[in-house]
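Undergrad: There's a structure below that I have some questions on.
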Amino acid sequence: MFILGDARSDWADREGGRRPPTSTLYCERVTRNVVGTNGNSVRHAPGLQSHAADGRLHDGFGRVGTDLRVSLTDRCQLRCSYCMPREGLEWLPNGNLLTDEEVVRLITIAVCDLGVEQIRFTGGEPLLRRGLEDIMAATTRLRTVSGRSPETALTTNGINLAKSAVALKAAGLQRINVSLDTLDPDRYARLTGRHRLGDVIEGLGAAARAGLNPIKINTVLMRGVNDDEALALVRWALKRGYQPRFIEQMPLGPQDTWQRDGMVTAAHILAMLRKELTLVPAHPNARGSAPAETWIASGAEVADGVVPLIGIVGSVTRAFCETCNRTRLTADGQLRSCLFARDETDLRSLLRGGASDREIADTWRVAMAAKQASHGIDQVSFLQPARAMSAIGG
Ligand code: SAM
Ligand code: SF4
């Protein structure tokens, strides 16, 4: 549990008694975590002002990091073939994982000092994190600079969702993405290494009853493995009021499981769906920073009162790097400016070394200022990151 603190006294701690000018990005901290701040006075990093006059996470290409992905664990019960090797990975040592208090402190800095507005919890499998509900509640008690709760979302394999959906909703979780690549129990077991399809379907029902909305179904199609199920998954999801969403497979799993030529591309997915459905762009002029292109479908049975939206995330062939607004934290406290970054910034050492919130915020700004222009998957010089997707946080 986290201790509620007074926003103004926290400002005073950090600013040596002075309330910051209203033009800077300080927001209301309605949550104070048990780690606290040490209030050291620090100088801004050289050259920082030119990038971050308003305190937000600007990079060199005009993008601003307002969307934080927080990985809460690298562990998972499944072994999805495109994500983890069958034998699993060497898990991060427990002592390297951020504690709940450390996670909340970094989220507080992101929201209150750096202008982050959306937070997605992921992993590994985030429902394996014991403190998830407390972290969620502490996050939703924060107020962004515009006075709202940060938008919260969760990406999960859904296996433990039936047990946790109600509590997560009560803690303030708004939206949820559940990964599901097949409706066939045997194929599910082959793809993930575990016979858990029934648990996922039960979890989805529990999420809907708990009032989580929208519920998106994330599917990665692979040629000759599950691409024959694209239409069946769409029909199944729309009928139940879920939003189907296809993600192009990216080179982030076990080495040699991804080949550019073997990918099921966004164009191919659209062509498959259009054999039976009519698709009209939902946002013809404004995809914005959303990774998915969305389509309104007709020709399928749809749950009452639901707009039949289908999302396609063309991460490779229709990359959205130009408008990417993401900043990422791994479960062991490493900051990444891109899923495909080859370097990380160690916030855990700063936290544990007694750095002030301002020092951590400045370090975060400097790291994001160097965010790469694009993931570069199509370039010959592309190298897969050393960490797997499950250890970065998808
Ligand atoms: N365990 C949770 C889950 O499966 O939803 C959260 C973590 S998982 C890494 C997040 C998302 O990344 C999932 O929707 C998964 O399908 C997707 N993913 C994993 N590896 C991928 C890859 N190589 N290419 C594209 N998407 C991938
Ligand atoms: Fe686990 Fe999610 Fe990776 Fe599948 S995609 S192995 S559920 S972390």
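Ordering of the structure tokens sets the chain letters (A, B, ...), residue numbers begin anew at 1 in every chain, and ligands are numbered from 1 in the order given.
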Could you pull out the strand (DSSP E) residues of range 146-386 of chain A, going by DSSP on the backbone, and write them as a PyMOL selection string?
TA: chain A and resi 151-156+175-179+215-219+243-247+278-281+293-298+309-313+326-329+334-336+345-346
Undergrad: Report as number ranges by chain all protein, DNA and RNA residues lying within 7 Å of Glu133 in chain A, evaluated on only C-alpha atoms, omitting residues in the same chain fewer than 4 positions from it.
TA: A: 137, 167-168, 171
Undergrad: What does the file look like for those residues with N, CA and C atoms, as an mmCIF file, in the first residue's frame?
TA:
```cif
data_model
loop_
_atom_site.group_PDB
_atom_site.id
_atom_site.type_symbol
_atom_site.label_atom_id
_atom_site.label_comp_id
_atom_site.auth_asym_id
_atom_site.auth_seq_id
_atom_site.Cartn_x
_atom_site.Cartn_y
_atom_site.Cartn_z
ATOM 1 N N ALA A 137 -3.777 1.323 -8.699
ATOM 2 C CA ALA A 137 -4.531 2.307 -7.893
ATOM 3 C C ALA A 137 -3.692 3.559 -7.659
ATOM 4 N N ALA A 167 -11.090 -6.534 -9.560
ATOM 5 C CA ALA A 167 -10.190 -5.725 -8.719
ATOM 6 C C ALA A 167 -9.437 -4.695 -9.558
ATOM 7 N N LEU A 168 -9.049 -5.072 -10.766
ATOM 8 C CA LEU A 168 -8.326 -4.115 -11.619
ATOM 9 C C LEU A 168 -9.232 -2.971 -12.043
ATOM 10 N N ALA A 171 -9.502 -0.675 -9.265
ATOM 11 C CA ALA A 171 -8.275 0.112 -9.066
ATOM 12 C C ALA A 171 -8.120 1.198 -10.130
#
```
Undergrad: Hey, which of A:Gly253, A:Gly55, A:Gly203, A:Gly60 ends up closest to Asp362 in chain A? Count only C-alpha atoms.
TA: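 Smallest distance to Asp362 in chain A is found for A:Gly55.
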Undergrad: Rank nothing, just name the residue among A:Cys112, A:Leu339, A:Ile296, A:Cys80 nearest to ligand 1, using only C-alpha atoms and all ligand atoms.
TA: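 Smallest distance to ligand 1 is found for A:Cys80.
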Undergrad: Considering only C-alpha atoms, return as a ChimeraX atom specification whatever protein or nucleic-acid residues lie within 7 Å of Phe121 in chain A, sequence-local ones (same chain, fewer than 4 positions apart) excluded.
TA: /A:69-72,126,153-155
Undergrad: Given the selection you just returned, output its residues as a file containing N, CA and C atoms, formatted as a short mmCIF file (atom, residue, chain, number, x, y, z; two decimals), in the first residue's frame.
TA:
```
data_model
loop_
_atom_site.label_atom_id
_atom_site.label_comp_id
_atom_site.auth_asym_id
_atom_site.auth_seq_id
_atom_site.Cartn_x
_atom_site.Cartn_y
_atom_site.Cartn_z
N ARG A 69 5.09 2.87 -21.48
CA ARG A 69 4.87 1.42 -21.35
C ARG A 69 5.67 0.92 -20.16
N VAL A 70 5.02 0.31 -19.21
CA VAL A 70 5.72 -0.16 -18.01
C VAL A 70 5.68 -1.68 -17.98
N SER A 71 6.83 -2.31 -18.10
CA SER A 71 6.88 -3.76 -17.96
C SER A 71 7.00 -4.09 -16.48
N LEU A 72 6.11 -4.96 -16.00
CA LEU A 72 6.10 -5.26 -14.56
C LEU A 72 6.81 -6.56 -14.22
N PRO A 126 1.89 -9.36 -17.11
CA PRO A 126 1.72 -8.42 -15.99
C PRO A 126 0.80 -8.93 -14.89
N ALA A 153 -4.02 1.32 -19.25
CA ALA A 153 -4.33 0.17 -20.09
C ALA A 153 -3.42 -0.98 -19.68
N LEU A 154 -3.82 -2.19 -20.07
CA LEU A 154 -3.05 -3.39 -19.70
C LEU A 154 -3.02 -4.32 -20.91
N THR A 155 -1.86 -4.90 -21.19
CA THR A 155 -1.78 -5.95 -22.20
C THR A 155 -1.47 -7.26 -21.49
#
```
Undergrad: Which residue gives the smallest distance to His58 in chain A among A:Leu98, A:Ala319, A:Leu161, A:Leu114, with only C-alpha atoms counted?
TA: A:Leu114
Undergrad: Dump the neighbourhood of ligand 1 as a list in words: all residues within 6 Å, distances computed on only C-alpha atoms and all ligand atoms.
TA: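 Listing the residues within 6 Å of ligand 1 gives Tyr82, Cys83, Thr122, Gly123, Gly124, Glu125, Thr155, Thr156, Asn157, Val178, Ser179, Asn218, Thr219, Val220, Ile247, Glu248, Gln249, Met250, Pro251, Leu252, Gly253, Met389, Ser390, Gly393 and Gly394 of chain A.
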Undergrad: Check range 344-390 of chain A with DSSP on the backbone and list each residue it calls alpha helix (DSSP H), as a list of chain:residue names.
TA: A:Leu347, A:Arg348, A:Ser349, A:Leu350, A:Leu351, A:Arg352, A:Asp357, A:Arg358, A:Glu359, A:Ile360, A:Ala361, A:Asp362, A:Thr363, A:Trp364, A:Arg365, A:Val366, A:Ala367, A:Met368, A:Ala369, A:Met389, A:Ser390
Undergrad: Those residues with C-alpha atoms, as a PDB file, in the first residue's frame please?
TA:
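What landed in again.pdb:
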```pdb
ATOM      1  CA  LEU A 347      17.103   4.475 -13.820  1.00  0.00           C
ATOM      2  CA  ARG A 348      17.267   1.734 -11.183  1.00  0.00           C
ATOM      3  CA  SER A 349      20.795   2.715 -10.180  1.00  0.00           C
ATOM      4  CA  LEU A 350      19.731   6.342  -9.946  1.00  0.00           C
ATOM      5  CA  LEU A 351      16.729   5.409  -7.772  1.00  0.00           C
ATOM      6  CA  ARG A 352      18.810   3.216  -5.490  1.00  0.00           C
ATOM      7  CA  ASP A 357      13.066  13.249  -8.742  1.00  0.00           C
ATOM      8  CA  ARG A 358      14.530  16.131 -10.683  1.00  0.00           C
ATOM      9  CA  GLU A 359      17.749  14.253 -11.468  1.00  0.00           C
ATOM     10  CA  ILE A 360      15.765  11.259 -12.639  1.00  0.00           C
ATOM     11  CA  ALA A 361      13.471  13.447 -14.766  1.00  0.00           C
ATOM     12  CA  ASP A 362      16.470  15.176 -16.345  1.00  0.00           C
ATOM     13  CA  THR A 363      18.120  11.854 -17.153  1.00  0.00           C
ATOM     14  CA  TRP A 364      14.846  10.647 -18.705  1.00  0.00           C
ATOM     15  CA  ARG A 365      14.634  13.803 -20.876  1.00  0.00           C
ATOM     16  CA  VAL A 366      18.221  13.434 -22.082  1.00  0.00           C
ATOM     17  CA  ALA A 367      17.658   9.759 -22.985  1.00  0.00           C
ATOM     18  CA  MET A 368      14.471  10.553 -24.914  1.00  0.00           C
ATOM     19  CA  ALA A 369      16.122  13.467 -26.717  1.00  0.00           C
ATOM     20  CA  MET A 389      10.079  -8.805 -26.423  1.00  0.00           C
ATOM     21  CA  SER A 390       8.988 -10.365 -23.126  1.00  0.00           C
TER      22      SER A 390
END
```
Undergrad: Given only C-alpha atoms and all ligand atoms as the basis, pick out the residue of A:Leu279, A:Ala189, A:Ala391, A:Cys324 nearest to ligand 2.
TA: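 For ligand 2, the nearest of the given residues is A:Ala391.
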Undergrad: Restricting the calculation to only C-alpha atoms and all ligand atoms: of A:Arg141, A:Asp100, A:Arg196, A:His375, which residue gets closest to ligand 2?
TA: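 Answer, going by the shortest atom-to-atom distance: A:Arg196.
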Undergrad: Go through A:Ile119, A:Val280, A:Ala53, A:Leu89 one by one, measure the shortest atom-to-atom distance of each to ligand 2 using only C-alpha atoms and all ligand atoms, and give the residue with the smallest value.
TA: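 Checking each of A:Ile119, A:Val280, A:Ala53, A:Leu89 against ligand 2, counting only C-alpha atoms and all ligand atoms, the winner is A:Leu89.
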